[in-house]
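For reference, model32.txt is printed below; it contains compact mmCIF, C-alpha atoms.
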# COMPACT_ATOMS: atom_id res chain seq x y z
CA ASN J 1 14.80 -2.64 -18.93
CA ALA J 2 16.69 -2.70 -15.64
CA GLY J 3 14.25 -0.11 -14.24
CA VAL J 4 15.65 2.04 -11.44
CA THR J 5 18.95 0.85 -10.02
CA GLN J 6 20.67 2.07 -6.87
CA THR J 7 24.17 1.41 -5.62
CA PRO J 8 25.32 0.50 -3.09
CA LYS J 9 22.64 -1.54 -1.31
CA PHE J 10 24.30 -1.07 2.08
CA GLN J 11 26.88 1.41 3.32
CA VAL J 12 28.48 2.27 6.64
CA LEU J 13 30.15 5.66 7.00
CA LYS J 14 31.96 7.44 9.78
CA THR J 15 30.84 10.88 10.82
CA GLY J 16 32.37 13.49 8.54
CA GLN J 17 32.99 11.19 5.59
CA SER J 18 31.52 11.96 2.20
CA MET J 19 29.96 9.64 -0.31
CA THR J 20 27.67 9.49 -3.31
CA LEU J 21 24.61 7.30 -3.62
CA GLN J 22 24.10 6.35 -7.23
CA CYS J 23 20.76 6.18 -9.01
CA ALA J 24 20.18 5.32 -12.64
CA GLN J 25 17.16 4.57 -14.80
CA ASP J 26 16.98 3.30 -18.36
CA MET J 27 13.38 4.26 -19.13
CA ASN J 28 14.09 7.79 -20.39
CA HIS J 29 12.11 9.27 -17.50
CA GLU J 30 12.22 13.01 -17.08
CA TYR J 31 11.29 13.11 -13.39
CA MET J 32 13.62 11.67 -10.76
CA SER J 33 13.59 12.08 -7.01
CA TRP J 34 15.31 11.03 -3.81
CA TYR J 35 13.48 10.08 -0.62
CA ARG J 36 14.66 9.04 2.79
CA GLN J 37 12.71 6.63 4.97
CA ASP J 38 12.99 6.72 8.74
CA PRO J 39 10.99 4.64 11.25
CA GLY J 40 7.66 6.29 11.98
CA MET J 41 8.27 9.07 9.45
CA GLY J 42 7.26 7.58 6.12
CA LEU J 43 9.18 8.65 3.03
CA ARG J 44 10.30 12.25 2.89
CA LEU J 45 11.47 14.04 -0.23
CA ILE J 46 15.09 15.20 -0.26
CA HIS J 47 15.64 16.54 -3.79
CA TYR J 48 14.02 16.09 -7.15
CA SER J 49 14.64 16.81 -10.81
CA VAL J 50 12.27 17.40 -13.71
CA GLY J 51 14.94 16.99 -16.36
CA ALA J 52 18.65 17.15 -17.10
CA GLY J 53 20.14 20.29 -15.61
CA ILE J 54 17.11 21.07 -13.42
CA THR J 55 16.96 20.20 -9.73
CA ASP J 56 15.06 21.49 -6.74
CA GLN J 57 14.85 20.95 -3.01
CA GLY J 58 12.30 18.83 -1.26
CA GLU J 59 11.22 18.67 2.36
CA VAL J 60 14.56 17.62 3.93
CA PRO J 61 17.42 18.85 1.68
CA ASN J 62 19.98 19.90 4.30
CA GLY J 63 23.24 17.96 4.13
CA TYR J 64 22.58 16.63 0.63
CA ASN J 65 23.55 17.78 -2.86
CA VAL J 66 22.30 16.59 -6.23
CA SER J 67 23.02 17.23 -9.86
CA ARG J 68 21.46 15.93 -13.07
CA SER J 69 23.85 16.05 -15.97
CA THR J 70 22.12 13.27 -17.93
CA THR J 71 18.56 11.99 -18.14
CA GLU J 72 19.64 8.58 -16.84
CA ASP J 73 21.57 9.47 -13.69
CA PHE J 74 20.66 11.33 -10.51
CA PRO J 75 23.35 10.93 -7.83
CA LEU J 76 22.86 12.03 -4.23
CA ARG J 77 25.91 13.39 -2.44
CA LEU J 78 26.49 13.50 1.30
CA LEU J 79 29.23 16.05 1.82
CA SER J 80 29.92 15.42 5.51
CA ALA J 81 27.93 12.53 6.89
CA ALA J 82 26.17 12.87 10.24
CA PRO J 83 24.46 10.22 12.39
CA SER J 84 21.14 11.95 11.64
CA GLN J 85 21.55 10.83 8.04
CA THR J 86 21.32 7.18 9.02
CA SER J 87 18.34 6.08 6.95
CA VAL J 88 17.11 4.09 3.99
CA TYR J 89 17.31 6.05 0.76
CA PHE J 90 15.05 5.50 -2.22
CA CYS J 91 15.42 6.85 -5.72
CA ALA J 92 12.33 7.06 -7.90
CA SER J 93 11.50 8.06 -11.44
CA ARG J 94 8.50 8.62 -13.69
CA LYS J 95 7.76 9.89 -17.14
CA ALA J 96 6.41 13.41 -17.49
CA GLY J 97 2.71 13.16 -18.25
CA ASP J 98 2.39 9.72 -16.64
CA PHE J 99 0.32 10.46 -13.58
CA TYR J 100 0.09 6.93 -12.31
CA GLU J 101 3.30 4.97 -12.41
CA GLN J 102 6.20 5.81 -10.15
CA TYR J 103 9.16 3.47 -10.32
CA PHE J 104 11.23 2.96 -7.20
CA GLY J 105 14.73 1.63 -6.81
CA PRO J 106 15.48 -1.09 -4.25
CA GLY J 107 16.85 1.36 -1.69
CA THR J 108 20.18 1.95 0.02
CA ARG J 109 20.54 1.38 3.73
CA LEU J 110 23.05 3.91 5.10
CA THR J 111 24.46 3.85 8.61
CA VAL J 112 26.57 6.73 9.90
CA THR J 113 28.53 6.01 13.07
CA ALA V 1 1.78 22.33 1.74
CA GLN V 2 -0.03 19.07 1.26
CA THR V 3 -0.08 16.63 4.17
CA VAL V 4 -1.07 12.99 4.39
CA THR V 5 -2.09 11.49 7.73
CA GLN V 6 -2.26 7.82 8.62
CA SER V 7 -3.58 7.63 12.15
CA GLN V 8 -3.02 3.90 12.68
CA PRO V 9 0.65 3.02 13.25
CA GLU V 10 -0.24 -0.67 13.40
CA MET V 11 -3.22 -2.85 12.55
CA SER V 12 -3.84 -6.56 13.03
CA VAL V 13 -6.09 -8.91 11.10
CA GLN V 14 -6.63 -12.64 10.92
CA GLU V 15 -6.34 -14.58 7.69
CA ALA V 16 -9.50 -14.47 5.57
CA GLU V 17 -10.83 -11.46 7.48
CA THR V 18 -11.26 -7.89 6.22
CA VAL V 19 -9.28 -4.89 7.41
CA THR V 20 -9.49 -1.18 6.62
CA LEU V 21 -6.53 1.19 6.75
CA SER V 22 -7.29 4.88 7.15
CA CYS V 23 -5.80 7.87 5.39
CA THR V 24 -6.72 11.53 5.34
CA TYR V 25 -5.05 14.31 3.40
CA ASP V 26 -5.07 18.05 3.22
CA THR V 27 -4.97 19.92 -0.07
CA SER V 28 -6.40 22.99 -1.74
CA GLU V 29 -6.13 21.40 -5.19
CA SER V 30 -9.14 20.02 -6.99
CA ASP V 31 -7.28 17.68 -9.33
CA TYR V 32 -4.92 15.15 -7.79
CA TYR V 33 -4.06 11.47 -7.45
CA LEU V 34 -4.04 9.19 -4.44
CA PHE V 35 -2.14 5.96 -4.00
CA TRP V 36 -1.62 3.09 -1.61
CA TYR V 37 1.82 1.49 -1.61
CA LYS V 38 2.84 -1.75 0.05
CA GLN V 39 6.34 -2.22 1.44
CA PRO V 40 7.17 -5.79 2.47
CA PRO V 41 10.33 -6.63 4.44
CA SER V 42 12.25 -6.65 1.14
CA ARG V 43 11.87 -2.82 1.16
CA GLN V 44 10.52 -2.78 -2.38
CA MET V 45 7.76 -0.20 -2.90
CA ILE V 46 4.79 -1.85 -4.61
CA LEU V 47 1.83 0.10 -5.94
CA VAL V 48 -1.38 -1.48 -4.63
CA ILE V 49 -4.08 0.81 -5.93
CA ARG V 50 -4.60 4.35 -7.22
CA GLN V 51 -7.47 6.79 -7.44
CA GLU V 52 -7.97 9.88 -9.56
CA ALA V 53 -9.72 12.66 -7.66
CA TYR V 54 -11.98 13.49 -10.60
CA LYS V 55 -13.42 9.97 -10.60
CA GLN V 56 -16.34 9.40 -8.26
CA GLN V 57 -16.16 5.64 -8.58
CA ASN V 58 -13.98 3.95 -6.01
CA ALA V 59 -11.02 2.01 -7.39
CA THR V 60 -10.76 -1.75 -6.92
CA GLU V 61 -7.95 -4.20 -7.62
CA ASN V 62 -8.90 -7.78 -6.82
CA ARG V 63 -9.06 -8.01 -2.99
CA PHE V 64 -8.09 -4.35 -2.55
CA SER V 65 -10.56 -1.50 -2.73
CA VAL V 66 -10.69 2.09 -1.59
CA ASN V 67 -13.33 4.31 -0.05
CA PHE V 68 -12.65 7.74 -1.50
CA GLN V 69 -14.53 10.61 0.12
CA LYS V 70 -13.38 13.76 -1.65
CA ALA V 71 -15.30 16.24 0.49
CA ALA V 72 -13.97 14.68 3.67
CA LYS V 73 -10.49 14.26 2.14
CA SER V 74 -10.45 10.65 3.16
CA PHE V 75 -8.94 7.70 1.28
CA SER V 76 -9.16 4.39 3.13
CA LEU V 77 -7.92 1.01 1.89
CA LYS V 78 -9.96 -2.14 2.42
CA ILE V 79 -8.27 -5.51 2.15
CA SER V 80 -10.69 -8.42 1.87
CA ASP V 81 -9.88 -12.08 2.49
CA SER V 82 -6.56 -11.13 4.07
CA GLN V 83 -3.59 -13.37 3.35
CA LEU V 84 -0.30 -13.89 5.15
CA GLY V 85 1.43 -12.26 2.18
CA ASP V 86 -0.46 -9.04 2.85
CA ALA V 87 1.63 -8.42 5.96
CA ALA V 88 3.66 -5.31 5.24
CA MET V 89 3.94 -1.58 5.81
CA TYR V 90 1.30 0.33 3.86
CA PHE V 91 1.77 3.93 2.80
CA CYS V 92 -0.87 6.32 1.60
CA ALA V 93 0.43 8.92 -0.87
CA TYR V 94 -0.81 12.00 -2.69
CA ARG V 95 0.30 13.81 -5.80
CA THR V 96 -0.88 16.50 -8.16
CA GLY V 97 -0.18 16.12 -11.86
CA TYR V 98 3.21 17.74 -11.80
CA SER V 99 4.37 17.31 -8.23
CA THR V 100 6.28 14.61 -6.42
CA LEU V 101 4.65 12.13 -4.06
CA THR V 102 3.82 13.10 -0.48
CA PHE V 103 3.61 10.10 1.82
CA GLY V 104 1.92 9.38 5.12
CA LYS V 105 3.90 7.85 7.95
CA GLY V 106 2.67 4.36 7.23
CA THR V 107 0.58 1.63 8.84
CA MET V 108 2.15 -1.72 9.70
CA LEU V 109 -0.28 -4.51 8.91
CA LEU V 110 0.12 -7.75 10.85
CA VAL V 111 -1.66 -10.86 9.58
CA SER V 112 -2.13 -13.86 11.87
CA PRO V 113 -3.10 -17.39 10.84
Output the file's structure as structure tokens, nothing else.
Amino acid sequence: NAGVTQTPKFQVLKTGQSMTLQCAQDMNHEYMSWYRQDPGMGLRLIHYSVGAGITDQGEVPNGYNVSRSTTEDFPLRLLSAAPSQTSVYFCASRKAGDFYEQYFGPGTRLTVT
Amino acid sequence: AQTVTQSQPEMSVQEAETVTLSCTYDTSESDYYLFWYKQPPSRQMILVIRQEAYKQQNATENRFSVNFQKAAKSFSLKISDSQLGDAAMYFCAYRTGYSTLTFGKGTMLLVSP
């Protein structure tokens, strides 16, 4: 198993540009989520999904879109990047009914100038 | 909404000594799960220890143990015989059975020889 993979690892965007952060898992996990990590703020939930076709907002959803067309993939879209979206982004997944294990991707460091 | 509070932005310890990281949380649920994650400079999120709220016995994993006080909503992490490799950011996190993780803001642990 590759676990949870994220691409790219690093990205620099200009204000107003759009891009998609990719997240994939090969463990057939139902639950997937996106977090952003900022200094002094911990990890905050952006969006999450409990299965293909089902998504919901987390604590800080503004400026981000998600969709879940397959169990494996959960991309995060920035429609018009802003400097406030400079952050490290983590994707995570777990199996429904597994209350203990949460698998994290390696993170994407995004800088918006 | 559930909140997780880590009141120590930074802690220092010498090798071989013991250190305790504090965490409090706020919830109206009776059944939930608590976690401590370690994040070294590589950014990878590593599960250190977990505790089920219905268990009165405190969890232990080798040199890591917790002091879980359910009535006080407190969940501290004790690291014994500290090692240089323990230096990292530590996050306390909370989850109910079907929710996503809620993280504290983190405590940076510095370990000196």
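For the pair atom CA of Arg43 of chain V and atom CA of Gln14 of chain V, the separation is 23.1 Å.
Atom pair atom CA of Val48 of chain V / atom CA of Glu61 of chain V: separated by 7.7 Å.
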Distance-based interface of chain J with chain V, 7 Å, counting only C-alpha atoms, as a PyMOL selection string
chain J and resi 40-43+99+104+106
Atom CA of Ser65 of chain V to atom CA of Phe90 of chain J, distance in Å rounded to a single decimal:
26.6 Å
Which neighbours of segment 15-18 of chain V fall inside 6 Å, counting all atoms listed in the file, when residues of the same chain fewer than 3 positions from it are skipped, and could you give them as an MDAnalysis selection string?
chainID V and resid 79:83 112:113
Generate a file of the selected residues that holds C-alpha atoms, formatted as a tab-separated table (two decimals), in the coordinates of the input.
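Saved file result02.tsv follows:
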chain	number	residue	atom	x	y	z
V	79	ILE	CA	-8.27	-5.51	2.15
V	80	SER	CA	-10.69	-8.42	1.87
V	81	ASP	CA	-9.88	-12.08	2.49
V	82	SER	CA	-6.56	-11.13	4.07
V	83	GLN	CA	-3.59	-13.37	3.35
V	112	SER	CA	-2.13	-13.86	11.87
V	113	PRO	CA	-3.10	-17.39	10.84
Give as a list in words the set of residues within 12 Å of the point (26.4, -2.3, 3.4), where distances use the file's coordinates and all atoms listed in the file.
Thr7, Pro8, Lys9, Phe10, Gln11, Val12, Leu13, Val88, Gly107, Thr108, Arg109, Leu110, Thr111 and Val112 of chain J
Residues near Thr20 of chain V, cut-off 7 Å, all atoms listed in the file, skip fewer than 5 positions along chain, as a PyMOL selection string
chain V and resi 76-79
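Take the candidates J:Glu30, J:Lys14, J:Asn1, J:Ala82 and check each one against Gln102 of chain J using only C-alpha atoms; the shortest distance goes to J:Glu30.
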Just the residues within 9 Å of segment 44-61 of chain J, please, counting all atoms listed in the file, with nothing from its chain fewer than 2 positions along; format it as an MDAnalysis selection string.
(chainID J and resid 29:38 41:42 63:74 76 96) or (chainID V and resid 100:103)
